[in-house]
Every structure is written in C-alpha cells, then in structure tokens.
Amino acid sequence: MCKIMEEFAKEEREERCIEIAEEMIQEGSLPVEKIAQFSKLPLETVKQLAEKLLVVQA
C-alpha cells in the first residue's frame, strides 16, 4: 500500500512541475533552459511543452 501512495505522490509532483513549466512558458519572459532548471524537468521535456503550447496558441 505504501508503494502505491509513493507512486501516486510522485505522479502528482510531476504533473505539478509540468503545469508550472507551462505557465512559465506562456508568461514568456524566461528561456527554456531556466524553466527546466526551476521546474526540475528535463530540458527536452520543456522544449516539447513549449512547441506544443506555441502550436496551440497559433
């Protein structure tokens, strides 16, 4: 049971990091390298999020 709770908490943290990165990308004042650093997400993930958001906004 404890393992399940740990996995759930990890997924929730990852989802929140992605949400934060998306907000930072939309705000537009930071380079993707800084967003990756602050959000603790891999740079490639942040770049993919940025590309996805730019396509959606266009």
# chains A, B, ... in the order shown; residues from 1 in each chain; ligands from 1
call {"tool": "residues_around", "arguments": {"residues": "segment 19-25 of chain A", "least_positions_apart": "5", "cutoff": "10 Å", "atoms": "only C-alpha atoms", "output": "list in words"}}
result
Arg13, Glu14, Leu30, Pro31, Val32, Lys34, Ile35, Ala36, Gln37, Phe38, Ser39, Lys40, Leu41, Thr45, Val46, Lys47, Leu49, Ala50, Glu51, Lys52, Leu53 and Leu54 of chain A
call {"tool": "select_by_dssp", "arguments": {"residues": "chain A", "states": "helix (DSSP H, G or I)", "output": "ChimeraX atom specification"}}
result
/A:2-27,32-39,43-57
call {"tool": "write_last_selection", "arguments": {"atoms": "N, CA and C atoms", "output": "compact mmCIF listing (two decimals), in the first residue's frame"}}
result
# COMPACT_ATOMS: atom_id res chain seq x y z
N CYS A 2 1.93 1.23 0.76
CA CYS A 2 2.80 2.39 0.84
C CYS A 2 3.44 2.68 -0.52
N LYS A 3 3.78 1.66 -1.25
CA LYS A 3 4.38 1.81 -2.58
C LYS A 3 3.41 2.52 -3.53
N ILE A 4 2.15 2.16 -3.45
CA ILE A 4 1.12 2.78 -4.29
C ILE A 4 1.01 4.26 -3.97
N MET A 5 1.01 4.60 -2.70
CA MET A 5 0.91 6.01 -2.29
C MET A 5 2.14 6.80 -2.75
N GLU A 6 3.32 6.19 -2.66
CA GLU A 6 4.53 6.85 -3.11
C GLU A 6 4.47 7.13 -4.61
N GLU A 7 4.02 6.15 -5.38
CA GLU A 7 3.90 6.31 -6.83
C GLU A 7 2.90 7.41 -7.17
N PHE A 8 1.78 7.44 -6.46
CA PHE A 8 0.77 8.47 -6.68
C PHE A 8 1.34 9.85 -6.37
N ALA A 9 2.05 9.98 -5.28
CA ALA A 9 2.65 11.26 -4.90
C ALA A 9 3.67 11.71 -5.95
N LYS A 10 4.45 10.78 -6.46
CA LYS A 10 5.44 11.10 -7.49
C LYS A 10 4.75 11.61 -8.75
N GLU A 11 3.70 10.94 -9.18
CA GLU A 11 2.96 11.37 -10.37
C GLU A 11 2.35 12.76 -10.17
N GLU A 12 1.83 13.00 -8.99
CA GLU A 12 1.25 14.32 -8.70
C GLU A 12 2.31 15.41 -8.76
N ARG A 13 3.49 15.14 -8.23
CA ARG A 13 4.58 16.13 -8.28
C ARG A 13 4.99 16.40 -9.71
N GLU A 14 5.11 15.35 -10.51
CA GLU A 14 5.50 15.51 -11.92
C GLU A 14 4.45 16.32 -12.68
N GLU A 15 3.18 16.04 -12.43
CA GLU A 15 2.12 16.80 -13.09
C GLU A 15 2.18 18.27 -12.71
N ARG A 16 2.44 18.54 -11.45
CA ARG A 16 2.52 19.93 -10.99
C ARG A 16 3.72 20.63 -11.60
N CYS A 17 4.85 19.94 -11.74
CA CYS A 17 6.02 20.53 -12.38
C CYS A 17 5.71 20.90 -13.83
N ILE A 18 4.98 20.05 -14.51
CA ILE A 18 4.60 20.32 -15.90
C ILE A 18 3.66 21.53 -15.95
N GLU A 19 2.71 21.61 -15.04
CA GLU A 19 1.80 22.75 -15.01
C GLU A 19 2.56 24.05 -14.78
N ILE A 20 3.51 24.02 -13.86
CA ILE A 20 4.31 25.21 -13.57
C ILE A 20 5.12 25.61 -14.80
N ALA A 21 5.75 24.63 -15.45
CA ALA A 21 6.54 24.92 -16.65
C ALA A 21 5.66 25.52 -17.74
N GLU A 22 4.47 24.99 -17.92
CA GLU A 22 3.55 25.52 -18.93
C GLU A 22 3.19 26.98 -18.64
N GLU A 23 2.95 27.29 -17.38
CA GLU A 23 2.63 28.66 -17.01
C GLU A 23 3.82 29.59 -17.29
N MET A 24 5.02 29.11 -16.98
CA MET A 24 6.22 29.91 -17.21
C MET A 24 6.45 30.13 -18.71
N ILE A 25 6.21 29.11 -19.51
CA ILE A 25 6.35 29.23 -20.96
C ILE A 25 5.36 30.25 -21.49
N GLN A 26 4.12 30.18 -21.05
CA GLN A 26 3.09 31.10 -21.52
C GLN A 26 3.39 32.54 -21.10
N GLU A 27 4.01 32.71 -19.95
CA GLU A 27 4.36 34.04 -19.48
C GLU A 27 5.42 34.65 -20.40
N VAL A 32 13.89 28.60 -22.10
CA VAL A 32 13.52 27.23 -21.73
C VAL A 32 14.55 26.59 -20.80
N GLU A 33 15.81 26.99 -20.90
CA GLU A 33 16.84 26.43 -20.01
C GLU A 33 16.56 26.78 -18.54
N LYS A 34 16.14 28.01 -18.31
CA LYS A 34 15.81 28.44 -16.94
C LYS A 34 14.53 27.76 -16.45
N ILE A 35 13.58 27.62 -17.34
CA ILE A 35 12.33 26.94 -16.97
C ILE A 35 12.63 25.50 -16.57
N ALA A 36 13.49 24.84 -17.31
CA ALA A 36 13.88 23.47 -16.97
C ALA A 36 14.57 23.43 -15.62
N GLN A 37 15.45 24.38 -15.39
CA GLN A 37 16.17 24.44 -14.12
C GLN A 37 15.21 24.63 -12.94
N PHE A 38 14.30 25.58 -13.07
CA PHE A 38 13.40 25.90 -11.96
C PHE A 38 12.31 24.85 -11.75
N SER A 39 11.86 24.23 -12.83
CA SER A 39 10.78 23.26 -12.71
C SER A 39 11.28 21.84 -12.42
N LEU A 43 15.35 19.36 -19.94
CA LEU A 43 15.28 20.41 -20.94
C LEU A 43 14.46 19.97 -22.15
N GLU A 44 14.64 18.75 -22.59
CA GLU A 44 13.90 18.25 -23.75
C GLU A 44 12.39 18.27 -23.50
N THR A 45 11.98 17.93 -22.29
CA THR A 45 10.55 17.96 -21.94
C THR A 45 10.01 19.38 -22.02
N VAL A 46 10.77 20.34 -21.51
CA VAL A 46 10.34 21.74 -21.54
C VAL A 46 10.26 22.23 -22.99
N LYS A 47 11.22 21.84 -23.82
CA LYS A 47 11.17 22.23 -25.23
C LYS A 47 9.93 21.67 -25.91
N GLN A 48 9.61 20.42 -25.61
CA GLN A 48 8.41 19.80 -26.19
C GLN A 48 7.15 20.52 -25.73
N LEU A 49 7.09 20.87 -24.46
CA LEU A 49 5.94 21.62 -23.95
C LEU A 49 5.82 22.96 -24.65
N ALA A 50 6.95 23.64 -24.83
CA ALA A 50 6.94 24.95 -25.48
C ALA A 50 6.44 24.83 -26.91
N GLU A 51 6.91 23.83 -27.63
CA GLU A 51 6.46 23.63 -29.00
C GLU A 51 4.96 23.35 -29.05
N LYS A 52 4.50 22.51 -28.13
CA LYS A 52 3.07 22.17 -28.08
C LYS A 52 2.24 23.42 -27.78
N LEU A 53 2.68 24.22 -26.84
CA LEU A 53 1.92 25.42 -26.48
C LEU A 53 1.93 26.45 -27.59
N LEU A 54 3.03 26.57 -28.30
CA LEU A 54 3.08 27.53 -29.40
C LEU A 54 2.17 27.11 -30.54
N VAL A 55 2.06 25.81 -30.78
CA VAL A 55 1.18 25.32 -31.83
C VAL A 55 -0.28 25.57 -31.44
N VAL A 56 -0.60 25.34 -30.18
CA VAL A 56 -1.98 25.51 -29.70
C VAL A 56 -2.37 26.98 -29.74
N GLN A 57 -1.46 27.86 -29.40
CA GLN A 57 -1.75 29.29 -29.35
C GLN A 57 -1.85 29.92 -30.73
